[in-house]
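Data first, discussion second: the structure below is written as C-alpha cells.
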Amino acid sequence: MISKTIEKALQHQIALEAYSSAVYLSMASWMDSEGFEGAAAFFYKQSDEERMHMLKIFHFINDNDGHAMVPAIEAPPKSFKDFHTCFKNVLEQEQKVTQSIHELVNVSLKERDHAANNFLQWYVSEQMEEEKQVKSILNKLKIIGKDGSGLYLLDRELGEMAAAAPEGEEAGA
Ligand SMILES: [Fe+2]
Ligand SMILES: [Fe+2]
C-alpha cells in the first residue's frame with residue numbers, strides 16, 4: 001500500500017522522466033537533421049531509456065495499489081544552438097532529475113516507506129551514471145573546441161556507444 005504523499009511525489013517524477021524522454025527525442029531529431037547520425041542514435045536511445053524510467057514508476061505505483069497517471073508535459077524545444085549546447089542542456093536536465101530523486105528519497109524517509117526507499121535507490125545510482133556519462137562527453141567537447149574532425153570522431157563514438165548498449169538493458173531491472 002502506497003501513501004498519497006508518496007504517490008503524488010512519484011507522479012511528479014513520472015512527469016520529469018516523460019519530459020526528459022521528449023527532450024531527448026527532440027535532440028535526436030535535431031541531430032539527425034544536422035547530419036550527426038551517431039549523436040542522433042545516442043539520443044534516440046536515451047529517449048527510450050527515459051521512457052523506461054517513467055514506466056518503472058508506473059508499475060511501482062500500480063503494483064502498490066496506487067493509480068499511475070499519464071502526465072501532461074510541455075513541448076520540448078524543436079531546435080538547439082549547436083552540438084555543445086545540446087549536451088550542456090542534457091547535463092542541466094539530468095542535474096534537475098537527480099535533485100528531484102534526492103527529494104523523493106527524503107520523502108520516503110519521512111514517510112518511513114521502506115519499499116519506496118528501496119525502489120528509489122536504483123534511480124540514485126542511475127543518476128550518478130548518467131551525470132558521469134554526460135560530463136565525460138562535455139569534457140571531450142572542451143578538448144575538441146571548434147575542430148570539425150574532432151566533432152566527427154565524437155559523433156562516431158556516440159553512435160558506437162548507442163549500438164553497444166544492449167537493447168532494453170535496464171527494462172527488466
Ligand atoms: Fe531518467
Ligand atoms: Fe536521465
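So you can find residues: chains in the C-alpha cells are A, B, ... in the order shown, residues in each start at 1, and ligands are numbered from 1 in order.
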
Considering only C-alpha atoms and all ligand atoms, give me a table of residues in chain A that are at most 6 Å from ligand 1, with the closest atom pair and distance in Å for each, as a tab-separated table.
residue	atom	partner	partner_atom_place_in_ligand_line	distance
A:Glu17	CA	ligand 1	1 (Fe)	5.1
A:Glu50	CA	ligand 1	1 (Fe)	4.6
A:His53	CA	ligand 1	1 (Fe)	5.2

Write the residues of the preceding selection, restricted to C-alpha atoms, as a compact mmCIF listing (two decimals), in the first residue's frame.
# COMPACT_ATOMS: atom_id res chain seq x y z
CA GLU A 17 11.05 11.42 -16.80
CA GLU A 50 13.83 7.84 -20.01
CA HIS A 53 12.48 5.12 -16.17

Next on the checklist: Could you list, as a list in words, every residue within 8 Å of Leu16 of chain A, counting only C-alpha atoms and ignoring same-chain residues fewer than 4 positions away?
Outcome noted: His12, Ser20 and Val97 of chain A

Checklist entry - So which residues are near ligand 2, meaning at most 9 Å away with only C-alpha atoms and all ligand atoms counted, given back as a PyMOL selection string? => result chain A and resi 17+20-21+46-47+49-50+53+90+93-95+97-98+126-127+130-131

Produce a file of the selected residues containing N, CA and C atoms, as a compact mmCIF listing (two decimals), in the first residue's frame.
# COMPACT_ATOMS: atom_id res chain seq x y z
N GLU A 17 10.45 12.44 -15.93
CA GLU A 17 11.05 11.42 -16.80
C GLU A 17 10.43 11.51 -18.20
N SER A 20 12.02 14.41 -19.91
CA SER A 20 13.37 14.04 -20.36
C SER A 20 13.29 13.24 -21.66
N SER A 21 12.38 12.28 -21.69
CA SER A 21 12.22 11.43 -22.87
C SER A 21 11.87 12.28 -24.09
N GLN A 46 18.65 7.32 -25.57
CA GLN A 46 18.43 8.00 -24.28
C GLN A 46 16.94 8.24 -24.05
N SER A 47 16.27 8.63 -25.13
CA SER A 47 14.83 8.90 -25.02
C SER A 47 14.09 7.63 -24.60
N GLU A 49 15.34 5.19 -22.91
CA GLU A 49 15.70 4.90 -21.52
C GLU A 49 14.86 5.72 -20.55
N GLU A 50 14.64 6.99 -20.90
CA GLU A 50 13.83 7.84 -20.01
C GLU A 50 12.39 7.34 -19.95
N HIS A 53 12.45 4.61 -17.55
CA HIS A 53 12.48 5.12 -16.17
C HIS A 53 11.07 5.50 -15.73
N VAL A 90 21.62 18.80 -21.64
CA VAL A 90 21.42 17.45 -21.08
C VAL A 90 21.89 17.42 -19.63
N GLN A 93 19.42 19.15 -17.42
CA GLN A 93 18.22 18.33 -17.24
C GLN A 93 18.48 17.18 -16.26
N GLU A 94 19.64 16.52 -16.42
CA GLU A 94 19.97 15.39 -15.54
C GLU A 94 20.18 15.85 -14.10
N GLN A 95 20.79 17.03 -13.93
CA GLN A 95 21.00 17.54 -12.57
C GLN A 95 19.67 17.86 -11.89
N VAL A 97 16.86 16.30 -12.56
CA VAL A 97 16.27 14.99 -12.24
C VAL A 97 16.91 14.41 -10.97
N THR A 98 18.23 14.52 -10.88
CA THR A 98 18.94 14.00 -9.70
C THR A 98 18.41 14.67 -8.43
N GLU A 126 21.45 5.25 -10.94
CA GLU A 126 21.27 5.56 -12.36
C GLU A 126 21.63 7.02 -12.65
N GLN A 127 21.22 7.92 -11.77
CA GLN A 127 21.53 9.34 -11.98
C GLN A 127 23.03 9.60 -11.89
N GLU A 130 24.40 8.53 -15.22
CA GLU A 130 24.03 9.43 -16.32
C GLU A 130 24.79 10.75 -16.26
N GLU A 131 24.94 11.28 -15.05
CA GLU A 131 25.69 12.54 -14.92
C GLU A 131 27.16 12.32 -15.30

Checklist entry - Which residues come within 9 Å of Ile101 of chain A, counting only C-alpha atoms, excluding same-chain residues fewer than 2 positions away, as a VMD selection string? => result chain A and resid 13 96 to 99 103 to 106 120 123 to 124 127

Pull C-alpha atoms from the residues just selected and write them as a short mmCIF file (atom, residue, chain, number, x, y, z; two decimals), in the first residue's frame.
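Listing of out-v6.cif after writing:
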data_model
loop_
_atom_site.label_atom_id
_atom_site.label_comp_id
_atom_site.auth_asym_id
_atom_site.auth_seq_id
_atom_site.Cartn_x
_atom_site.Cartn_y
_atom_site.Cartn_z
CA GLN A 13 8.79 12.20 -11.06
CA LYS A 96 17.40 18.64 -12.18
CA VAL A 97 16.27 14.99 -12.24
CA THR A 98 18.94 14.00 -9.70
CA GLN A 99 17.79 16.74 -7.34
CA GLU A 103 13.97 14.96 -2.68
CA LEU A 104 11.88 11.84 -3.32
CA VAL A 105 14.26 9.78 -1.19
CA ASN A 106 13.80 12.36 1.60
CA LEU A 120 14.36 4.74 -5.39
CA TYR A 123 17.38 5.82 -9.52
CA VAL A 124 20.08 7.26 -7.23
CA GLN A 127 21.53 9.34 -11.98
#

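Counting only C-alpha atoms, the residue from A:Cys86, A:Leu138, A:Ala68, A:Ala15 that sits nearest to Ser100 of chain A is A:Ala15.
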
Item to check | Spatial neighbours of Tyr24 of chain A, max dist 12 Å, only C-alpha atoms, sep filter under 4 positions, as a ChimeraX atom specification | outcome: /A:17-20,28-31,39-51,75-80,86-87,89-91,93-94

Deliver the residues from the most recent selection as a file, using N, CA and C atoms, as a short mmCIF file (atom, residue, chain, number, x, y, z; two decimals), in the first residue's frame.
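Generated file (again38.cif):
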data_model
loop_
_atom_site.label_atom_id
_atom_site.label_comp_id
_atom_site.auth_asym_id
_atom_site.auth_seq_id
_atom_site.Cartn_x
_atom_site.Cartn_y
_atom_site.Cartn_z
N GLU A 17 10.45 12.44 -15.93
CA GLU A 17 11.05 11.42 -16.80
C GLU A 17 10.43 11.51 -18.20
N ALA A 18 9.12 11.77 -18.24
CA ALA A 18 8.43 11.91 -19.53
C ALA A 18 8.98 13.11 -20.29
N TYR A 19 9.23 14.19 -19.57
CA TYR A 19 9.79 15.38 -20.22
C TYR A 19 11.21 15.10 -20.73
N SER A 20 12.02 14.41 -19.91
CA SER A 20 13.37 14.04 -20.36
C SER A 20 13.29 13.24 -21.66
N ALA A 28 17.39 14.09 -30.63
CA ALA A 28 17.71 13.05 -31.62
C ALA A 28 17.32 13.54 -33.01
N SER A 29 16.13 14.09 -33.10
CA SER A 29 15.62 14.55 -34.39
C SER A 29 16.46 15.71 -34.93
N TRP A 30 16.84 16.62 -34.03
CA TRP A 30 17.66 17.78 -34.44
C TRP A 30 19.04 17.31 -34.90
N MET A 31 19.66 16.39 -34.15
CA MET A 31 20.98 15.86 -34.53
C MET A 31 20.89 15.19 -35.90
N ALA A 39 25.20 10.92 -32.82
CA ALA A 39 24.55 11.60 -31.70
C ALA A 39 23.04 11.37 -31.77
N ALA A 40 22.50 11.32 -32.97
CA ALA A 40 21.06 11.05 -33.13
C ALA A 40 20.73 9.68 -32.54
N ALA A 41 21.52 8.67 -32.90
CA ALA A 41 21.30 7.31 -32.37
C ALA A 41 21.41 7.31 -30.85
N PHE A 42 22.39 8.07 -30.34
CA PHE A 42 22.60 8.18 -28.89
C PHE A 42 21.35 8.75 -28.22
N PHE A 43 20.79 9.81 -28.81
CA PHE A 43 19.63 10.45 -28.19
C PHE A 43 18.33 9.64 -28.36
N TYR A 44 18.20 8.94 -29.48
CA TYR A 44 17.01 8.06 -29.62
C TYR A 44 17.03 7.03 -28.49
N LYS A 45 18.23 6.51 -28.23
CA LYS A 45 18.39 5.50 -27.17
C LYS A 45 18.12 6.11 -25.79
N GLN A 46 18.65 7.32 -25.57
CA GLN A 46 18.43 8.00 -24.28
C GLN A 46 16.94 8.24 -24.05
N SER A 47 16.27 8.63 -25.13
CA SER A 47 14.83 8.90 -25.02
C SER A 47 14.09 7.63 -24.60
N ASP A 48 14.46 6.50 -25.19
CA ASP A 48 13.86 5.20 -24.82
C ASP A 48 14.11 4.89 -23.34
N GLU A 49 15.34 5.19 -22.91
CA GLU A 49 15.70 4.90 -21.52
C GLU A 49 14.86 5.72 -20.55
N GLU A 50 14.64 6.99 -20.90
CA GLU A 50 13.83 7.84 -20.01
C GLU A 50 12.39 7.34 -19.95
N ARG A 51 11.90 6.83 -21.07
CA ARG A 51 10.55 6.26 -21.06
C ARG A 51 10.51 5.02 -20.15
N ALA A 75 5.78 21.04 -24.49
CA ALA A 75 6.53 20.65 -25.69
C ALA A 75 8.00 21.00 -25.51
N PRO A 76 8.91 20.09 -25.89
CA PRO A 76 10.35 20.39 -25.76
C PRO A 76 10.78 21.36 -26.87
N PRO A 77 11.96 21.99 -26.71
CA PRO A 77 12.46 22.85 -27.79
C PRO A 77 12.62 22.04 -29.08
N LYS A 78 12.39 22.69 -30.22
CA LYS A 78 12.47 21.96 -31.50
C LYS A 78 13.89 21.98 -32.07
N SER A 79 14.63 23.05 -31.74
CA SER A 79 15.99 23.11 -32.27
C SER A 79 16.94 23.61 -31.19
N PHE A 80 18.22 23.41 -31.44
CA PHE A 80 19.25 23.72 -30.44
C PHE A 80 20.36 24.51 -31.10
N CYS A 86 23.58 21.48 -26.83
CA CYS A 86 22.71 20.33 -26.63
C CYS A 86 23.15 19.54 -25.39
N PHE A 87 24.43 19.23 -25.33
CA PHE A 87 24.93 18.42 -24.21
C PHE A 87 24.97 19.21 -22.89
N ASN A 89 22.67 21.32 -22.14
CA ASN A 89 21.26 21.20 -21.73
C ASN A 89 20.96 19.84 -21.10
N VAL A 90 21.62 18.80 -21.64
CA VAL A 90 21.42 17.45 -21.08
C VAL A 90 21.89 17.42 -19.63
N LEU A 91 23.08 18.00 -19.38
CA LEU A 91 23.60 17.99 -18.00
C LEU A 91 22.64 18.73 -17.06
N GLN A 93 19.42 19.15 -17.42
CA GLN A 93 18.22 18.33 -17.24
C GLN A 93 18.48 17.18 -16.26
N GLU A 94 19.64 16.52 -16.42
CA GLU A 94 19.97 15.39 -15.54
C GLU A 94 20.18 15.85 -14.10
#

Item to check | Members of segment 51-147 of chain A assigned helix (DSSP H, G or I) by DSSP, as a PyMOL selection string | outcome: chain A and resi 51-63+83-110+114-144

Quick one: write out the picked residues with C-alpha atoms as a PDB file, in the first residue's frame?
ATOM      1  CA  ARG A  51      10.548   6.259 -21.062  1.00  0.00           C
ATOM      2  CA  MET A  52      11.690   3.074 -19.325  1.00  0.00           C
ATOM      3  CA  HIS A  53      12.476   5.123 -16.173  1.00  0.00           C
ATOM      4  CA  MET A  54       8.953   6.528 -16.351  1.00  0.00           C
ATOM      5  CA  LEU A  55       7.366   3.094 -16.860  1.00  0.00           C
ATOM      6  CA  LYS A  56       9.183   1.621 -13.868  1.00  0.00           C
ATOM      7  CA  ILE A  57       7.487   4.221 -11.675  1.00  0.00           C
ATOM      8  CA  PHE A  58       4.105   3.476 -13.309  1.00  0.00           C
ATOM      9  CA  HIS A  59       4.458  -0.171 -12.360  1.00  0.00           C
ATOM     10  CA  PHE A  60       5.695   0.592  -8.867  1.00  0.00           C
ATOM     11  CA  ILE A  61       2.668   2.807  -8.166  1.00  0.00           C
ATOM     12  CA  ASN A  62       0.178   0.352  -9.650  1.00  0.00           C
ATOM     13  CA  ASP A  63       1.782  -2.688  -8.019  1.00  0.00           C
ATOM     14  CA  PHE A  83      26.143  20.339 -30.630  1.00  0.00           C
ATOM     15  CA  HIS A  84      27.829  21.676 -27.455  1.00  0.00           C
ATOM     16  CA  THR A  85      24.722  23.487 -26.216  1.00  0.00           C
ATOM     17  CA  CYS A  86      22.706  20.327 -26.627  1.00  0.00           C
ATOM     18  CA  PHE A  87      24.933  18.424 -24.208  1.00  0.00           C
ATOM     19  CA  LYS A  88      25.060  21.355 -21.774  1.00  0.00           C
ATOM     20  CA  ASN A  89      21.256  21.203 -21.727  1.00  0.00           C
ATOM     21  CA  VAL A  90      21.420  17.452 -21.079  1.00  0.00           C
ATOM     22  CA  LEU A  91      23.598  17.989 -18.005  1.00  0.00           C
ATOM     23  CA  GLU A  92      21.201  20.641 -16.678  1.00  0.00           C
ATOM     24  CA  GLN A  93      18.218  18.332 -17.238  1.00  0.00           C
ATOM     25  CA  GLU A  94      19.969  15.385 -15.542  1.00  0.00           C
ATOM     26  CA  GLN A  95      21.002  17.543 -12.572  1.00  0.00           C
ATOM     27  CA  LYS A  96      17.397  18.641 -12.177  1.00  0.00           C
ATOM     28  CA  VAL A  97      16.266  14.994 -12.236  1.00  0.00           C
ATOM     29  CA  THR A  98      18.937  13.997  -9.697  1.00  0.00           C
ATOM     30  CA  GLN A  99      17.791  16.740  -7.343  1.00  0.00           C
ATOM     31  CA  SER A 100      14.200  15.571  -7.679  1.00  0.00           C
ATOM     32  CA  ILE A 101      15.179  11.933  -6.983  1.00  0.00           C
ATOM     33  CA  HIS A 102      17.034  13.024  -3.855  1.00  0.00           C
ATOM     34  CA  GLU A 103      13.974  14.955  -2.679  1.00  0.00           C
ATOM     35  CA  LEU A 104      11.875  11.835  -3.315  1.00  0.00           C
ATOM     36  CA  VAL A 105      14.265   9.783  -1.187  1.00  0.00           C
ATOM     37  CA  ASN A 106      13.796  12.363   1.596  1.00  0.00           C
ATOM     38  CA  VAL A 107      10.008  11.993   1.300  1.00  0.00           C
ATOM     39  CA  SER A 108      10.307   8.188   1.517  1.00  0.00           C
ATOM     40  CA  LEU A 109      12.385   8.522   4.704  1.00  0.00           C
ATOM     41  CA  LYS A 110       9.945  10.990   6.228  1.00  0.00           C
ATOM     42  CA  HIS A 114      10.985   1.330   3.068  1.00  0.00           C
ATOM     43  CA  ALA A 115       9.630  -0.183  -0.142  1.00  0.00           C
ATOM     44  CA  ALA A 116       9.657   3.197  -1.898  1.00  0.00           C
ATOM     45  CA  ASN A 117      13.077   3.975  -0.432  1.00  0.00           C
ATOM     46  CA  ASN A 118      14.440   0.688  -1.736  1.00  0.00           C
ATOM     47  CA  PHE A 119      12.826   1.277  -5.146  1.00  0.00           C
ATOM     48  CA  LEU A 120      14.364   4.745  -5.387  1.00  0.00           C
ATOM     49  CA  GLN A 121      17.931   3.563  -4.735  1.00  0.00           C
ATOM     50  CA  TRP A 122      18.064   2.265  -8.320  1.00  0.00           C
ATOM     51  CA  TYR A 123      17.380   5.821  -9.518  1.00  0.00           C
ATOM     52  CA  VAL A 124      20.075   7.263  -7.226  1.00  0.00           C
ATOM     53  CA  SER A 125      22.682   5.009  -8.891  1.00  0.00           C
ATOM     54  CA  GLU A 126      21.266   5.559 -12.363  1.00  0.00           C
ATOM     55  CA  GLN A 127      21.529   9.339 -11.983  1.00  0.00           C
ATOM     56  CA  MET A 128      25.155   9.052 -10.879  1.00  0.00           C
ATOM     57  CA  GLU A 129      25.898   7.045 -14.036  1.00  0.00           C
ATOM     58  CA  GLU A 130      24.026   9.428 -16.320  1.00  0.00           C
ATOM     59  CA  GLU A 131      25.695  12.537 -14.924  1.00  0.00           C
ATOM     60  CA  LYS A 132      29.095  10.863 -15.193  1.00  0.00           C
ATOM     61  CA  GLN A 133      28.443   9.970 -18.829  1.00  0.00           C
ATOM     62  CA  VAL A 134      27.329  13.431 -19.910  1.00  0.00           C
ATOM     63  CA  LYS A 135      30.196  15.115 -18.007  1.00  0.00           C
ATOM     64  CA  SER A 136      32.665  12.901 -19.855  1.00  0.00           C
ATOM     65  CA  ILE A 137      31.096  13.895 -23.197  1.00  0.00           C
ATOM     66  CA  LEU A 138      31.286  17.587 -22.200  1.00  0.00           C
ATOM     67  CA  ASN A 139      34.966  17.168 -21.265  1.00  0.00           C
ATOM     68  CA  LYS A 140      35.674  15.741 -24.702  1.00  0.00           C
ATOM     69  CA  LEU A 141      33.798  18.650 -26.280  1.00  0.00           C
ATOM     70  CA  LYS A 142      36.012  21.050 -24.339  1.00  0.00           C
ATOM     71  CA  ILE A 143      39.111  19.405 -25.853  1.00  0.00           C
ATOM     72  CA  ILE A 144      37.579  19.380 -29.330  1.00  0.00           C
TER      73      ILE A 144
END

Sorted per-residue table, segment 41-90 of chain A near segment 1-8 of chain A, closest atoms and distance, 7 Å, only C-alpha atoms, as a tab-separated table:
residue	atom	partner	partner_atom	distance
A:Ile61	CA	A:Glu7	CA	6.7
A:Asn64	CA	A:Met1	CA	5.0
A:Asp65	CA	A:Met1	CA	5.6
A:Gly66	CA	A:Ile2	CA	6.3
